[in-house]
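Undergrad: My structure file upload.txt, compact mmCIF, C-alpha atoms and all ligand atoms, is below:
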# COMPACT_ATOMS: atom_id res chain seq x y z
CA MET A 1 13.28 13.38 -14.81
CA THR A 2 9.50 13.55 -15.02
CA PRO A 3 7.19 16.36 -13.91
CA LEU A 4 5.41 14.99 -10.85
CA THR A 5 2.92 16.16 -8.26
CA CYS A 6 3.96 15.61 -4.68
CA SER A 7 1.37 13.37 -3.04
CA CYS A 8 2.35 14.85 0.31
CA CYS A 9 2.25 18.63 -0.14
CA GLY A 10 0.79 18.88 -3.66
CA SER A 11 3.62 20.92 -5.16
CA LEU A 12 4.97 20.25 -8.63
CA PHE A 13 8.52 19.03 -8.96
CA ASN A 14 10.76 17.12 -11.34
CA GLY A 15 11.62 13.65 -10.15
CA ILE A 16 11.71 10.00 -11.02
CA GLN A 17 8.46 8.08 -11.35
CA GLU A 18 8.55 5.36 -8.74
CA THR A 19 6.46 2.22 -8.87
CA THR A 20 5.31 2.84 -5.31
CA HIS A 21 3.47 5.97 -6.45
CA ASP A 22 0.58 6.41 -8.86
CA ASP A 23 1.47 7.73 -12.31
CA GLY A 24 2.32 11.42 -12.14
CA TYR A 25 2.79 11.40 -8.40
CA GLY A 26 5.78 11.19 -6.13
CA THR A 27 7.24 12.71 -3.02
CA CYS A 28 9.30 15.86 -3.40
CA SER A 29 12.72 16.02 -1.76
CA HIS A 30 11.45 18.61 0.71
CA CYS A 31 8.77 16.24 2.01
CA VAL A 32 11.17 13.29 2.07
CA THR A 33 13.48 15.12 4.47
CA THR A 34 10.90 17.00 6.54
CA VAL A 35 7.97 14.56 6.62
CA ILE A 36 8.83 11.04 5.45
CA GLU A 37 12.24 10.51 7.04
CA PRO A 38 11.29 11.80 10.50
CA LYS A 39 8.17 9.63 10.33
CA ILE A 40 10.14 6.54 9.37
CA ASN A 41 12.73 7.26 12.08
CA GLN A 42 9.94 7.69 14.60
CA GLU A 43 8.50 4.30 13.64
CA LEU A 44 11.95 2.68 13.70
CA ASP A 45 12.59 4.16 17.15
CA LYS A 46 9.45 2.39 18.36
CA ILE A 47 10.81 -0.91 17.05
CA VAL A 48 14.17 -0.18 18.69
CA THR A 49 12.35 0.28 21.99
CA VAL A 50 10.53 -3.04 21.54
CA LEU A 51 13.83 -4.77 20.72
CA GLU A 52 15.41 -3.29 23.83
CA GLN A 53 12.51 -4.46 25.97
CA ARG A 54 12.26 -7.97 24.57
CA GLY A 55 15.77 -8.79 23.39
CA SER A 56 17.75 -11.54 25.04
CA LYS A 57 20.68 -10.65 27.26
CA ASP A 58 23.20 -11.69 24.60
CA PHE A 59 21.40 -9.68 21.96
CA LEU A 60 21.22 -6.57 24.12
CA GLU A 61 24.90 -6.74 24.93
CA SER A 62 25.80 -5.94 21.33
CA PHE A 63 22.65 -3.98 20.52
CA THR A 64 22.97 -1.35 23.24
CA ALA A 65 26.52 -0.65 22.10
CA LYS A 66 25.23 0.59 18.75
CA ASP A 67 24.33 4.20 18.15
CA GLN A 68 20.76 5.19 17.31
CA VAL A 69 21.37 5.20 13.54
CA GLN A 70 22.73 1.63 13.67
CA LYS A 71 19.83 0.57 15.87
CA ARG A 72 17.39 1.97 13.31
CA GLN A 73 19.18 0.16 10.50
CA PHE A 74 18.89 -3.06 12.47
CA ALA A 75 15.20 -2.42 13.11
CA LEU A 76 14.69 -1.81 9.39
CA LYS A 77 16.41 -5.10 8.55
CA CYS A 78 14.11 -6.93 10.96
CA VAL A 79 11.13 -5.42 9.17
CA GLU A 80 12.52 -6.30 5.73
CA LYS A 81 13.13 -9.88 6.80
CA GLY A 82 9.62 -10.11 8.13
CA LEU A 83 10.84 -10.71 11.67
CA ILE A 84 8.75 -7.81 12.87
CA ASN A 85 5.24 -7.16 11.71
CA TRP A 86 5.18 -3.48 10.97
CA SER A 87 2.60 -1.49 9.09
CA PHE A 88 3.80 1.97 8.14
CA GLY A 89 1.60 4.74 9.49
CA GLY A 90 -0.65 2.22 11.22
ZN ZN A 101 6.09 17.65 -1.08
Let me see the file written as structure tokens.
TA:
Amino acid sequence: MTPLTCSCCGSLFNGIQETTHDDGYGTCSHCVTTVIEPKINQELDKIVTVLEQRGSKDFLESFTAKDQVQKRQFALKCVEKGLINWSFGG
């Protein structure tokens, strides 16, 4: 564990230095659950909506049977595979 400054709320916390953050910075667990995760879910919900609007009939048959968490996971996979152009926070 490394002493880090939360780049979101500015509080000091002990965490793991991640390569996605500048040295000495990170995101505290409070901000991950109250700020980052809701934001990511909000963005994923937008992708889910797009998928539901543009998906083929066959696709929607299985997709609409999933719950929202599974739909988000699918949306995330699409982003990771580069199937959907998604810029976080954009
Ligand atoms: Zn924070």
Undergrad: Would you mind telling me which residue in A:Thr2, A:Ile36, A:Ser62, A:Thr19 lies nearest to ligand ZN 101 (chain A) when using all atoms listed in the file?
TA: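 Answer, going by the shortest atom-to-atom distance: A:Ile36.
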Undergrad: State, in Å with one decimal place, the distance from CA of Pro3 (chain A) to CA of Asp23 (chain A).
TA: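 These atoms are spaced 10.5 Å apart.
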Undergrad: Within 7 Å of ligand ZN 101 (chain A), which residues show up when you count all atoms listed in the file? List them as a ChimeraX atom specification, please.
TA: /A:6-11,27-31
Undergrad: Looking at A:Leu12, A:Cys78, A:Val35, A:Val69, which one is nearest to Leu51 (chain A), with distances taken over only C-alpha atoms?
TA: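 Using only C-alpha atoms, Leu51 (chain A) sits closest to A:Cys78.
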Undergrad: Of the candidates A:Leu4, A:Gly15, A:Ala75, A:Glu80, which shows the shortest atom-to-atom distance to Leu44 (chain A), using only C-alpha atoms?
TA: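 Answer, going by the shortest atom-to-atom distance: A:Ala75.
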Undergrad: I want to know what sits within 9 Å of Arg72 (chain A), based on all atoms listed in the file, with residues of the same chain fewer than 6 positions away left out; could you give that as number ranges by chain?
TA: A: 41, 44-45, 47-48
Undergrad: Quick one, how far is CA of Phe74 (chain A) from CA of Gln17 (chain A)?
TA: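 About the pair CA of Phe74 (chain A) and CA of Gln17 (chain A): they are 28.3 Å apart.
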Undergrad: Show me, as lines of an AutoDock Vina configuration file, the centre and edge lengths in Å to one decimal of the axis-aligned box that covers every listed atom of region 64-79 of chain A with 8 Å on each side.
TA:
center_x = 18.8
center_y = -0.9
center_z = 15.9
size_x = 31.4
size_y = 28.1
size_z = 30.7
Undergrad: To one decimal place, how far is CA of Pro38 (chain A) from CA of Ser56 (chain A) in Å?
TA: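 Answer for the CA of Pro38 (chain A) to CA of Ser56 (chain A) separation: 28.2 Å.
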Undergrad: For Lys46 (chain A), work out the shell of residues within 12 Å, counting all atoms listed in the file and skipping chain neighbours fewer than 6 positions away, then give it as a compact mmCIF listing (two decimals) with C-alpha atoms, in the coordinates of the input.
TA:
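Result file follows (around03.txt):
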# COMPACT_ATOMS: atom_id res chain seq x y z
CA LYS A 39 8.17 9.63 10.33
CA ILE A 40 10.14 6.54 9.37
CA GLU A 52 15.41 -3.29 23.83
CA GLN A 53 12.51 -4.46 25.97
CA GLN A 68 20.76 5.19 17.31
CA LYS A 71 19.83 0.57 15.87
CA ARG A 72 17.39 1.97 13.31
CA ALA A 75 15.20 -2.42 13.11
CA LEU A 76 14.69 -1.81 9.39
CA ILE A 84 8.75 -7.81 12.87
CA TRP A 86 5.18 -3.48 10.97
CA PHE A 88 3.80 1.97 8.14
Undergrad: For Met1 (chain A), which of A:Leu83, A:His21, A:Gly26, A:Glu37 is the closest residue, counting all atoms listed in the file?
TA: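 Ranking A:Leu83, A:His21, A:Gly26, A:Glu37 by distance to Met1 (chain A), first place goes to A:Gly26.
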